[in-house]
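**Student:** Dropping the structure in here first, questions after.
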Amino acid sequence: MYEGVHAHPDGEATVARHALTAADYGYDGVVVRNHGGRQADYDPEAVTNAHDVDVVAGIELRSDDRSQLSELVKRYREERTLVCVHGGDSEVNRFACEEPRVDVLAHPMRADGDVNHVLARAAKRNGVRLEFDFGPVLRGDGGRRVRALRDLRKLRDIVDHYETPYVVSGNPASHLDLRAPRELVAVGEQAGFDPEWMREGLREWERLAARNRERVSESFIEPGVRVEEDETDG
Amino acid sequence: MKHLPKHLRQRWRYLAVALESWPETDLTRRAFQRELWTAARNLVGDTGSAEADLTVYSFAFEDGTGHAVVRVRRDEVSRGRAVLACVDSVDGHPVGVRVTGVSGTVRACEEKYIRGPEIPTEERYVALAGSERRAVVRSERVDARVGDGHLGATDLDCE
């Protein structure tokens, strides 16, 4: 199971500290998804080797402008393993769901963002994962938390009906915000989410990272077509 | 009062909980217990709180790290876990909370899941995020002050 984290300078812990804590907590990997202008300076391989947890280089692109977002997606698609879009605005949500080069639409229900059947279908067609952000459930209270839970429920109903792919995250910005997978699943269970459904959402990050890594490998031509080593040759 | 017959006694489970915070934070059992009750009430309400009946047993916290044993009703372990996950700060200090194990007795819980020897901490200057900073170093963990906030790092980040 993987978790998508925000590292220093987008959070209060470095990538290495996130990785160390995640390994302690029983995660197999972390996806570093700092917001656009706050990129961390780190070497994914060095951290992976030091703390025995897979570090995936990602990014969370944030902009209100569709054409600028489009530029950013184009620029970072080659460079990063995972490309997320900072959701929470109807225009941005729509852009992300209709763009096959986007991997994850982060917290689509935040602020005045919304998801409907059209977006859910578009996201499925383009392989865009919708994120279930449990951050406000873990760290919020009162009305803010109630609204977050209400939105998560609504999103789940839509996602389940259209079988849209999804990821689950606690959206931590420091090692102190991070919660172990079992704890996250228990919170989801209290909020009415099936435990296995929650675990699937945490595993989805891992599958996404593996798929994208395969796509940039040399033997990959297009989905379903790859160059095989010919053993009988010579 | 006479003891209850065995089959009528309340059944408990004990959760071993690992705690972490910034080095200068001082946490007390009382504050943690209060925060736990608040979290339970916010997450599962009064009825849920009564059902889980979360109580802090042993508690120790020093130099930004510590542990606690939390009692929960036997069939409510999952609920207890969820409530613990929602404790995000104590007295306004952010805390990291993790359930490291579950046992049937306090003694087994402490012996099995709570590590004995404390890891020594030292305070020294480290080169972190582009400048020399005073930091608290505990094994491979390095906690430094950066401006008004904090930065959690590991020895991998220190040049």
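All residue names refer to the structure tokens as shown: chains lettered A, B, ... in order, residues numbered from 1 in each chain, ligands numbered from 1 in order.
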Using only C-alpha atoms, select each residue of chain B with any atom at most 7 Å away from an atom of chain A, and give the selection as a list of chain:residue names.
**Tutor:** B:Glu20, B:Ser21, B:Asn42, B:Ser78, B:Arg79, B:Arg81, B:Ala82, B:Ala85, B:Cys86, B:Asp88, B:Pro94, B:Val95, B:Gly96, B:Arg98, B:His150, B:Leu151, B:Gly152, B:Ala153, B:Thr154, B:Leu156
**Student:** Output N, CA and C atoms for every residue in the selection just made, as an mmCIF file, in the first residue's frame.
**Tutor:**
```cif
data_model
loop_
_atom_site.group_PDB
_atom_site.id
_atom_site.type_symbol
_atom_site.label_atom_id
_atom_site.label_comp_id
_atom_site.auth_asym_id
_atom_site.auth_seq_id
_atom_site.Cartn_x
_atom_site.Cartn_y
_atom_site.Cartn_z
ATOM 1 N N GLU B 20 4.515 10.520 18.656
ATOM 2 C CA GLU B 20 5.658 11.300 18.184
ATOM 3 C C GLU B 20 5.237 12.753 18.054
ATOM 4 N N SER B 21 6.140 13.662 18.362
ATOM 5 C CA SER B 21 5.859 15.080 18.158
ATOM 6 C C SER B 21 7.185 15.817 17.988
ATOM 7 N N ASN B 42 -16.201 13.503 18.924
ATOM 8 C CA ASN B 42 -16.383 14.094 17.597
ATOM 9 C C ASN B 42 -16.605 13.038 16.526
ATOM 10 N N SER B 78 -11.569 -1.812 16.494
ATOM 11 C CA SER B 78 -11.516 -1.047 15.251
ATOM 12 C C SER B 78 -11.971 0.398 15.483
ATOM 13 N N ARG B 79 -12.990 0.551 16.307
ATOM 14 C CA ARG B 79 -13.461 1.896 16.611
ATOM 15 C C ARG B 79 -12.393 2.677 17.386
ATOM 16 N N ARG B 81 -9.218 2.230 17.257
ATOM 17 C CA ARG B 81 -8.156 2.545 16.303
ATOM 18 C C ARG B 81 -8.497 3.792 15.489
ATOM 19 N N ALA B 82 -9.755 3.865 15.050
ATOM 20 C CA ALA B 82 -10.203 5.000 14.247
ATOM 21 C C ALA B 82 -10.136 6.289 15.060
ATOM 22 N N ALA B 85 -6.605 7.420 15.450
ATOM 23 C CA ALA B 85 -6.088 7.993 14.201
ATOM 24 C C ALA B 85 -6.514 9.451 14.051
ATOM 25 N N CYS B 86 -7.645 9.809 14.668
ATOM 26 C CA CYS B 86 -8.155 11.178 14.538
ATOM 27 C C CYS B 86 -7.607 12.125 15.603
ATOM 28 N N ASP B 88 -5.097 14.380 16.208
ATOM 29 C CA ASP B 88 -4.049 14.984 15.376
ATOM 30 C C ASP B 88 -3.204 15.969 16.159
ATOM 31 N N PRO B 94 0.968 19.316 17.191
ATOM 32 C CA PRO B 94 0.656 18.179 16.318
ATOM 33 C C PRO B 94 1.330 16.899 16.822
ATOM 34 N N VAL B 95 0.606 15.801 16.791
ATOM 35 C CA VAL B 95 1.201 14.522 17.192
ATOM 36 C C VAL B 95 0.976 13.460 16.126
ATOM 37 N N GLY B 96 1.946 12.577 16.026
ATOM 38 C CA GLY B 96 1.811 11.391 15.193
ATOM 39 C C GLY B 96 1.402 10.246 16.103
ATOM 40 N N ARG B 98 0.224 6.071 16.354
ATOM 41 C CA ARG B 98 0.146 4.806 15.644
ATOM 42 C C ARG B 98 -0.067 3.655 16.609
ATOM 43 N N HIS B 150 8.631 23.911 11.825
ATOM 44 C CA HIS B 150 9.566 22.826 12.073
ATOM 45 C C HIS B 150 9.885 22.117 10.775
ATOM 46 N N LEU B 151 10.942 21.338 10.820
ATOM 47 C CA LEU B 151 11.248 20.484 9.689
ATOM 48 C C LEU B 151 11.711 19.135 10.213
ATOM 49 N N GLY B 152 11.017 18.092 9.785
ATOM 50 C CA GLY B 152 11.412 16.742 10.135
ATOM 51 C C GLY B 152 12.264 16.186 9.013
ATOM 52 N N ALA B 153 13.430 15.653 9.359
ATOM 53 C CA ALA B 153 14.325 15.143 8.328
ATOM 54 C C ALA B 153 14.989 13.865 8.848
ATOM 55 N N THR B 154 15.866 13.298 8.051
ATOM 56 C CA THR B 154 16.669 12.170 8.527
ATOM 57 C C THR B 154 18.130 12.492 8.232
ATOM 58 N N LEU B 156 19.929 11.338 6.203
ATOM 59 C CA LEU B 156 20.140 11.328 4.749
ATOM 60 C C LEU B 156 20.081 12.745 4.166
#
```
**Student:** Neighbours of Asp91 (chain B) within 12 Å (only C-alpha atoms; same-chain residues fewer than 3 positions away dropped), as an MDAnalysis selection string?
**Tutor:** chainID B and resid 21 25:36 38 87:88 94:95
**Student:** Identify, on the basis of only C-alpha atoms, every residue whose closest approach to Val53 (chain A) does not exceed 8 Å; exclude the query and any residue fewer than 3 positions from it along the same chain; express the result as a PyMOL selection string.
**Tutor:** chain A and resi 19-20+22-23+27-30+47-49
**Student:** Since we have the selection now, will you write its residues out, keeping N, CA and C atoms, as a CSV table (one decimal), in the first residue's frame?
**Tutor:**
```csv
chain,number,residue,atom,x,y,z
A,19,ALA,N,9.5,8.9,4.1
A,19,ALA,CA,9.8,7.5,3.7
A,19,ALA,C,10.1,6.7,5.0
A,20,LEU,N,10.9,7.2,5.9
A,20,LEU,CA,11.3,6.5,7.1
A,20,LEU,C,10.0,6.2,7.9
A,22,ALA,N,6.9,6.1,6.9
A,22,ALA,CA,6.0,5.3,6.1
A,22,ALA,C,6.4,3.8,6.2
A,23,ALA,N,7.7,3.6,6.2
A,23,ALA,CA,8.3,2.2,6.3
A,23,ALA,C,7.9,1.7,7.7
A,27,TYR,N,3.8,0.9,5.2
A,27,TYR,CA,3.5,1.2,3.8
A,27,TYR,C,4.6,0.6,2.9
A,28,ASP,N,4.3,0.3,1.7
A,28,ASP,CA,5.3,-0.2,0.8
A,28,ASP,C,6.0,0.9,0.0
A,29,GLY,N,5.3,2.1,0.0
A,29,GLY,CA,5.8,3.2,-0.8
A,29,GLY,C,5.2,4.5,-0.5
A,30,VAL,N,5.8,5.6,-0.9
A,30,VAL,CA,5.2,6.9,-0.9
A,30,VAL,C,5.3,7.6,-2.2
A,47,VAL,N,16.8,7.5,-1.5
A,47,VAL,CA,15.8,7.4,-0.3
A,47,VAL,C,15.2,6.0,-0.3
A,48,THR,N,14.9,5.5,-1.5
A,48,THR,CA,14.4,4.1,-1.6
A,48,THR,C,15.3,3.1,-0.9
A,49,ASN,N,16.6,3.3,-1.3
A,49,ASN,CA,17.6,2.3,-0.8
A,49,ASN,C,17.8,2.5,0.7
```
**Student:** Run DSSP on the backbone of this structure and report the residues of region 6-204 of chain A it assigns to alpha helix (DSSP H), as a PyMOL selection string.
**Tutor:** chain A and resi 15-25+44-51+66-79+90-97+117-126+135-139+142-162+181-190+195-204
**Student:** In Å, with one decimal, what is the gap from CA of Ile114 (chain B) to CA of Asp75 (chain B)?
**Tutor:** 22.6 Å
**Student:** Excluding same-chain residues fewer than 3 positions from region 129-143 of chain B, what lies within 7 Å of it counting only C-alpha atoms, as a list in words?
**Tutor:** Trp22, Pro23, Ile119, Pro120, Thr121, Glu122, Glu123, Arg124, Tyr125, Val126, Leu151, Gly152, Ala153, Thr154 and Asp155 of chain B
**Student:** May I have the residues within 8 Å of Arg73 (chain B) as a count of residues only, using only C-alpha atoms and disregarding those fewer than 5 positions away in the same chain?
**Tutor:** 8
**Student:** Quick one, how far is CA of Arg101 (chain A) from CA of Ala40 (chain A)?
**Tutor:** 22.4 Å
**Student:** Separation of CA of Leu69 (chain A) and CA of Val102 (chain A), in Å?
**Tutor:**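 CA of Leu69 (chain A) sits 10.5 Å away from CA of Val102 (chain A).
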**Student:** Show me, as a list of chain:residue names, the residues that have an atom within 8 Å of Thr100 (chain B) when counting only C-alpha atoms, minus same-chain residues fewer than 4 positions from it.
**Tutor:**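 Near Thr100 (chain B), the qualifying residues are B:Leu15, B:Ala16, B:Val17, B:Ala18, B:Tyr113.
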**Student:** Would you save the residues of that selection, restricted to C-alpha atoms, as an mmCIF file, in the first residue's frame?
**Tutor:**
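Contents of again.cif, freshly written:
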```
data_model
loop_
_atom_site.group_PDB
_atom_site.id
_atom_site.type_symbol
_atom_site.label_atom_id
_atom_site.label_comp_id
_atom_site.auth_asym_id
_atom_site.auth_seq_id
_atom_site.Cartn_x
_atom_site.Cartn_y
_atom_site.Cartn_z
ATOM 1 C CA LEU B 15 -3.761 -0.976 22.475
ATOM 2 C CA ALA B 16 -0.066 -0.161 22.443
ATOM 3 C CA VAL B 17 0.212 3.334 20.985
ATOM 4 C CA ALA B 18 3.405 4.982 19.730
ATOM 5 C CA TYR B 113 4.916 -3.860 21.872
#
```
**Student:** Just asking: which residues within region 142-216 of chain A are strand (DSSP E or B) according to DSSP, as a list in words?
**Tutor:**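 DSSP-assigned strand (DSSP E or B) residues in region 142-216 of chain A: Tyr166, Val167, Val168 and Ser169 of chain A.
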**Student:** Can you list, as a list in words, every protein, DNA or RNA residue that comes within 8 Å of Leu208 (chain A) when you count only C-alpha atoms, leaving out same-chain residues fewer than 4 positions away?
**Tutor:** Leu82, Asp103, Glu204 and Asn212 of chain A
**Student:** For those residues, write N, CA and C atoms to a file as a JSON list (two decimals), in the first residue's frame.
**Tutor:**
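Result file selection-v5.json:
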```
[["chain", "number", "residue", "atom", "x", "y", "z"],
["A", 82, "LEU", "N", 4.33, 10.10, -11.73],
["A", 82, "LEU", "CA", 2.90, 10.29, -11.46],
["A", 82, "LEU", "C", 2.52, 11.76, -11.58],
["A", 103, "ASP", "N", -2.87, 11.29, -14.18],
["A", 103, "ASP", "CA", -3.05, 10.04, -13.46],
["A", 103, "ASP", "C", -4.11, 10.15, -12.38],
["A", 204, "GLU", "N", -4.02, 1.19, -5.20],
["A", 204, "GLU", "CA", -4.11, 1.72, -6.55],
["A", 204, "GLU", "C", -2.91, 2.62, -6.89],
["A", 212, "ASN", "N", 3.04, 3.15, -14.94],
["A", 212, "ASN", "CA", 3.73, 4.27, -15.57],
["A", 212, "ASN", "C", 5.22, 3.99, -15.76]]
```
